[in-house]
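S.K.: I'd like to ask some things about the structure below.
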Amino acid sequence: MKILVANLGSTSFKYRLYEMSGSDAELLAQGGFERVTEYTPCIEEMLETLIGDKIIESGQDLDAVGFKTVLGKDVSGCVKADDQVLDALEGFKEVAPAHNPAYAEGIRCFQRMLPDLPRVALFETAFYQWATAASTTYAIPPAWRALGIRRYGFHGASHKFIAERTAELLGREDIAERARRLYQDGPTAFSGAPVRVISCHLGGSSSVTGICNGVAIGTSMGFSPQSGLPQNNRVGDLDSMAIPYVCKMLGLSVQEAEEQLTKDSGLLGLSGVSNDLRDILAAADDEHQEANLAVDVMVDSIRHWAGSFFFKMGGAEVIAFTAGIGENNPDIRESVCAGLEDLGIRIDPEANQKTVRGMEGIISAPDSAIKVLVIPANEELVVAREVCRFIQS
Ligand code: AMP
């Protein structure tokens, strides 16, 4: 079964094509486009490439396309990407302005260009559906809660992959299977030694999630993908009273404040250098004060959330790093884990420094009670598996 996974950013289109057999996946092709203003030419070019490379004979050879949709109003899980999903994306487009319009447009493009191809959406929020009400509810009036204002959580596919892969690497097939089948079976009864994971997805956008025996118990992102850790150019956690105060003091409208919080904040706003941590780190080497502060805020925020899940889960067996920063930057990983020997966290500096560029590895010392792992992100595989299961059922 050939499953195409479409990863749509506001200015990018990336895809992976898998041959699926049960939960086994063979990656047949992958590619992408940057600085995208319209998806139609990208989809056309993708199909031409797949046909030219003799991976498929025509669009008819595809069995389904999966979308890693972000936030739907009243919709989550793995569902048909139909009009109801388009309405759900529209319903929360103000909450995820960098993501929802892109997915809605991408889904419509596939609908127009390949109308017979089944379209399936796996929402990023799906992984958090078993988190307790206590951990997802904000202390706001009932009328606000009735609008759906609560913690949803994002990067669900990435953190779910970490749940599966950490269990595999620890040789805990029972938990790996529980994590892989989570969306089918829910959190099944479990007794045995726990595997508690603090999963750090650190990239252009970042989040930390606590995972207990394959199931997420909570995450740093809340109502929108601009909460929790500082993002590349989007604000992380911010006291709600700052917005009315800034609007009053700087004479900004709510829209202007929102624009600044979604485009000029995060690592970019903090450093004044770039939204790319590599540039910020290079500037920080030159004693650039704001760049140093941006790095310190990022590390402090990761530690804040990791500490929160350590406490909530009553400990951890694993800390996992994934995504662009998590996979490639040993110094950030070392700073996150610094001074935690009393908690049982001890990094092996050599193993840490050499684990970069898509490598998987253990970066903790052999005597570290908590294993620290680097795991390349593989969100698309999670989407492909769920789409395959959805189509077959
Ligand atoms: P992702 O969102 O997972 O694709 O990650 C992209 C982000 O990873 C970009 O914002 C880059 O700044 C960041 N990144 C990639 N390599 C490094 C590195 N060696 N050091 C710091 N950040 C990096």
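Ordering of the structure tokens sets the chain letters (A, B, ...); residue numbers start at 1 within each chain; ligands are numbered from 1 in the order shown.
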Excluding A:Pro118 and its own-chain neighbours fewer than 6 positions away, which residues fall within 12 Å of it when counting only C-alpha atoms? Please give them as a list in words.
M.R.: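 Counting only C-alpha atoms, the residues come to Lys2, Ile3, Leu4, Val5, Gly59, Gln60, Asp61, Leu62, Asp63, Ala64, Val65, Gly66, Phe67, Val79, Lys80, Ala81, Asp82, Ile107, Phe110, Gln111, Val387, Cys388, Phe390, Ile391 and Gln392 of chain A.
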S.K.: Let me have all residues with an atom within 7 Å of ligand 1, counting only C-alpha atoms and all ligand atoms, laid out as a list in words.
M.R.: Leu202, Gly203, Gly204, Ser205, Asn232, Asn275, Asp276, Leu277, Arg278, Ala323, Gly324, Ile325, Asn328 and Asn329 of chain A
S.K.: Hey, could you make a per-residue contact list for stretch 215-266 of chain A against stretch 193-199 of chain A with 12 Å as the cut-off, showing the nearest pair of atoms and its distance in Å to one decimal, counting only C-alpha atoms, sorted by chain and number, as CSV?
M.R.:
residue,atom,partner,partner_atom,distance
A:Val215,CA,A:Arg196,CA,9.3
A:Ala216,CA,A:Val197,CA,9.2
A:Ile217,CA,A:Arg196,CA,10.0
A:Gly218,CA,A:Ile198,CA,10.3
A:Thr219,CA,A:Ser199,CA,9.2
A:Ser220,CA,A:Ser199,CA,10.6
S.K.: Can you write out the residues you just picked, keeping N, CA and C atoms, as a PDB file, in the first residue's frame?
M.R.:
ATOM      1  N   VAL A 215       2.411   6.549  26.721  1.00  0.00           N
ATOM      2  CA  VAL A 215       1.261   7.456  26.665  1.00  0.00           C
ATOM      3  C   VAL A 215       1.668   8.837  27.184  1.00  0.00           C
ATOM      4  N   ALA A 216       1.293   9.889  26.447  1.00  0.00           N
ATOM      5  CA  ALA A 216       1.668  11.242  26.875  1.00  0.00           C
ATOM      6  C   ALA A 216       0.859  11.655  28.098  1.00  0.00           C
ATOM      7  N   ILE A 217       1.547  12.220  29.082  1.00  0.00           N
ATOM      8  CA  ILE A 217       0.824  12.706  30.269  1.00  0.00           C
ATOM      9  C   ILE A 217       0.690  14.226  30.242  1.00  0.00           C
ATOM     10  N   GLY A 218       1.404  14.881  29.344  1.00  0.00           N
ATOM     11  CA  GLY A 218       1.312  16.331  29.262  1.00  0.00           C
ATOM     12  C   GLY A 218       2.436  16.859  28.401  1.00  0.00           C
ATOM     13  N   THR A 219       2.349  18.120  28.028  1.00  0.00           N
ATOM     14  CA  THR A 219       3.358  18.710  27.165  1.00  0.00           C
ATOM     15  C   THR A 219       3.443  20.202  27.413  1.00  0.00           C
ATOM     16  N   SER A 220       4.520  20.796  26.894  1.00  0.00           N
ATOM     17  CA  SER A 220       4.746  22.216  27.172  1.00  0.00           C
ATOM     18  C   SER A 220       3.853  23.134  26.349  1.00  0.00           C
TER      19      SER A 220
END
S.K.: According to DSSP computed on the backbone, where in stretch 150-228 of chain A is there strand (DSSP E)? Give the residues as a ChimeraX atom specification.
M.R.: /A:196-201,207-212,215-219
S.K.: Find the residues near stretch 300-309 of chain A: any atom within 9 Å, counting only C-alpha atoms, skip ones fewer than 3 places away on the same chain, and give them as a ChimeraX atom specification.
M.R.: /A:197-200,202,207-211,217-220,228-230,295-297,312-316,319,336-337
S.K.: Please return as a ChimeraX atom specification: the residues of stretch 146-262 of chain A that backbone DSSP assigns to alpha helix (DSSP H).
M.R.: /A:146,156-169,173-180,182-185,242-250,254-262
S.K.: Print the selection's residues with N, CA and C atoms to a file, as a compact mmCIF listing (two decimals), in the first residue's frame.
M.R.:
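Okay, this is what ended up in result_26.txt:
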# COMPACT_ATOMS: atom_id res chain seq x y z
N ALA A 146 -15.76 26.92 27.47
CA ALA A 146 -16.75 26.44 26.49
C ALA A 146 -16.32 26.75 25.06
N GLY A 156 2.56 15.96 18.19
CA GLY A 156 2.13 14.63 18.67
C GLY A 156 2.79 13.49 17.91
N ALA A 157 2.93 13.64 16.58
CA ALA A 157 3.51 12.53 15.80
C ALA A 157 4.98 12.34 16.18
N SER A 158 5.69 13.44 16.38
CA SER A 158 7.11 13.34 16.74
C SER A 158 7.27 12.69 18.11
N HIS A 159 6.53 13.16 19.09
CA HIS A 159 6.67 12.59 20.44
C HIS A 159 6.19 11.14 20.48
N LYS A 160 5.19 10.82 19.65
CA LYS A 160 4.73 9.42 19.63
C LYS A 160 5.84 8.53 19.08
N PHE A 161 6.53 9.02 18.05
CA PHE A 161 7.64 8.22 17.52
C PHE A 161 8.70 8.01 18.61
N ILE A 162 8.96 9.05 19.38
CA ILE A 162 9.94 8.92 20.48
C ILE A 162 9.46 7.87 21.50
N ALA A 163 8.16 7.87 21.78
CA ALA A 163 7.62 6.87 22.71
C ALA A 163 7.90 5.45 22.20
N GLU A 164 7.69 5.25 20.90
CA GLU A 164 7.89 3.92 20.30
C GLU A 164 9.38 3.55 20.29
N ARG A 165 10.17 4.49 19.81
CA ARG A 165 11.59 4.19 19.55
C ARG A 165 12.39 4.04 20.85
N THR A 166 12.08 4.85 21.86
CA THR A 166 12.82 4.70 23.12
C THR A 166 12.55 3.31 23.71
N ALA A 167 11.30 2.87 23.65
CA ALA A 167 10.98 1.55 24.19
C ALA A 167 11.72 0.46 23.40
N GLU A 168 11.78 0.62 22.08
CA GLU A 168 12.52 -0.35 21.26
C GLU A 168 13.99 -0.37 21.67
N LEU A 169 14.57 0.81 21.84
CA LEU A 169 16.00 0.88 22.16
C LEU A 169 16.31 0.33 23.56
N GLU A 173 9.81 -4.31 24.26
CA GLU A 173 8.87 -4.51 23.17
C GLU A 173 7.42 -4.38 23.66
N ASP A 174 7.17 -4.73 24.95
CA ASP A 174 5.80 -4.59 25.48
C ASP A 174 5.33 -3.14 25.39
N ILE A 175 6.21 -2.22 25.78
CA ILE A 175 5.83 -0.80 25.76
C ILE A 175 5.88 -0.25 24.33
N ALA A 176 6.83 -0.72 23.53
CA ALA A 176 6.90 -0.26 22.14
C ALA A 176 5.59 -0.61 21.41
N GLU A 177 5.11 -1.83 21.64
CA GLU A 177 3.87 -2.27 20.99
C GLU A 177 2.68 -1.47 21.53
N ARG A 178 2.69 -1.22 22.83
CA ARG A 178 1.62 -0.42 23.45
C ARG A 178 1.59 0.98 22.81
N ALA A 179 2.79 1.56 22.61
CA ALA A 179 2.87 2.90 22.02
C ALA A 179 2.44 2.87 20.55
N ARG A 180 2.88 1.85 19.81
CA ARG A 180 2.52 1.78 18.38
C ARG A 180 1.01 1.62 18.21
N LEU A 182 -1.35 2.61 20.24
CA LEU A 182 -2.08 3.51 21.13
C LEU A 182 -3.36 4.06 20.51
N TYR A 183 -3.31 4.49 19.25
CA TYR A 183 -4.49 5.10 18.65
C TYR A 183 -5.56 4.06 18.31
N GLN A 184 -5.16 2.79 18.25
CA GLN A 184 -6.14 1.74 18.02
C GLN A 184 -6.78 1.28 19.32
N ASP A 185 -5.92 1.02 20.31
CA ASP A 185 -6.37 0.34 21.53
C ASP A 185 -6.54 1.27 22.72
N ALA A 242 0.45 40.59 30.04
CA ALA A 242 1.41 41.38 29.25
C ALA A 242 0.73 41.98 28.01
N ILE A 243 -0.23 41.26 27.45
CA ILE A 243 -0.80 41.72 26.18
C ILE A 243 -1.62 43.01 26.34
N PRO A 244 -2.62 43.04 27.25
CA PRO A 244 -3.33 44.32 27.41
C PRO A 244 -2.40 45.46 27.85
N TYR A 245 -1.40 45.14 28.67
CA TYR A 245 -0.49 46.20 29.14
C TYR A 245 0.32 46.77 27.98
N VAL A 246 0.86 45.89 27.14
CA VAL A 246 1.68 46.36 26.01
C VAL A 246 0.81 47.12 25.01
N CYS A 247 -0.40 46.62 24.78
CA CYS A 247 -1.30 47.32 23.84
C CYS A 247 -1.52 48.75 24.33
N LYS A 248 -1.75 48.88 25.63
CA LYS A 248 -1.99 50.22 26.19
C LYS A 248 -0.73 51.09 26.11
N MET A 249 0.38 50.54 26.54
CA MET A 249 1.61 51.35 26.63
C MET A 249 2.19 51.71 25.26
N LEU A 250 2.10 50.77 24.30
CA LEU A 250 2.69 51.04 22.98
C LEU A 250 1.64 51.45 21.95
N VAL A 254 -4.84 44.71 19.17
CA VAL A 254 -4.63 43.29 19.49
C VAL A 254 -3.99 42.58 18.30
N GLN A 255 -4.43 42.95 17.07
CA GLN A 255 -3.86 42.32 15.86
C GLN A 255 -2.36 42.63 15.74
N GLU A 256 -2.01 43.88 16.05
CA GLU A 256 -0.58 44.23 15.95
C GLU A 256 0.24 43.48 17.00
N ALA A 257 -0.34 43.36 18.20
CA ALA A 257 0.37 42.61 19.26
C ALA A 257 0.53 41.16 18.82
N GLU A 258 -0.54 40.60 18.25
CA GLU A 258 -0.49 39.21 17.80
C GLU A 258 0.58 39.02 16.73
N GLU A 259 0.63 39.96 15.82
CA GLU A 259 1.63 39.90 14.75
C GLU A 259 3.05 39.85 15.34
N GLN A 260 3.28 40.70 16.33
CA GLN A 260 4.62 40.74 16.94
C GLN A 260 4.93 39.47 17.72
N LEU A 261 3.87 38.91 18.33
CA LEU A 261 4.09 37.69 19.11
C LEU A 261 4.27 36.46 18.22
N THR A 262 3.72 36.52 17.00
CA THR A 262 3.81 35.34 16.12
C THR A 262 4.93 35.47 15.09
S.K.: Kindly give the distance, in Å, that separates atom CA of A:Lys73 and atom CA of A:Arg35, rounded to a single decimal.
M.R.: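 Computed distance, atom CA of A:Lys73 to atom CA of A:Arg35, equals 28.2 Å.
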S.K.: With only C-alpha atoms as the atoms that count, which of A:Ala104, A:Phe223, A:Thr132, A:Val372 lies nearest to A:Trp144?
M.R.: A:Phe223
S.K.: At a cut-off of 10 Å, using only C-alpha atoms, what residues contact stretch 10-20 of chain A? Leave out same-chain residues fewer than 4 positions from it and give the result as a PyMOL selection string.
M.R.: chain A and resi 1-6+24-39+42-43+46+50+55+62-63+65-67+97-103+105-106+380-381+384-385+387-389
S.K.: Taking only C-alpha atoms into account, which of A:Ala96, A:Val299, A:Leu47, A:Ala88 comes nearest A:Ser224?
M.R.: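 Among the listed residues, the smallest separation from A:Ser224 belongs to A:Ala96.
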S.K.: For atom CA of A:Leu89 and atom CA of A:Leu71, determine how far apart the two atoms are, in Å to one decimal place.
M.R.: 6.5 Å
S.K.: Write out as a ChimeraX atom specification each polymer residue whose atoms come within 10 Å of A:Ala351, counting only C-alpha atoms; drop sequence neighbours fewer than 4 positions from it.
M.R.: /A:330,347,355-356,361-365
S.K.: Can you tell me how far atom CA of A:Phe92 sits from atom CA of A:Thr322, in Å to one decimal?
M.R.: 27.5 Å
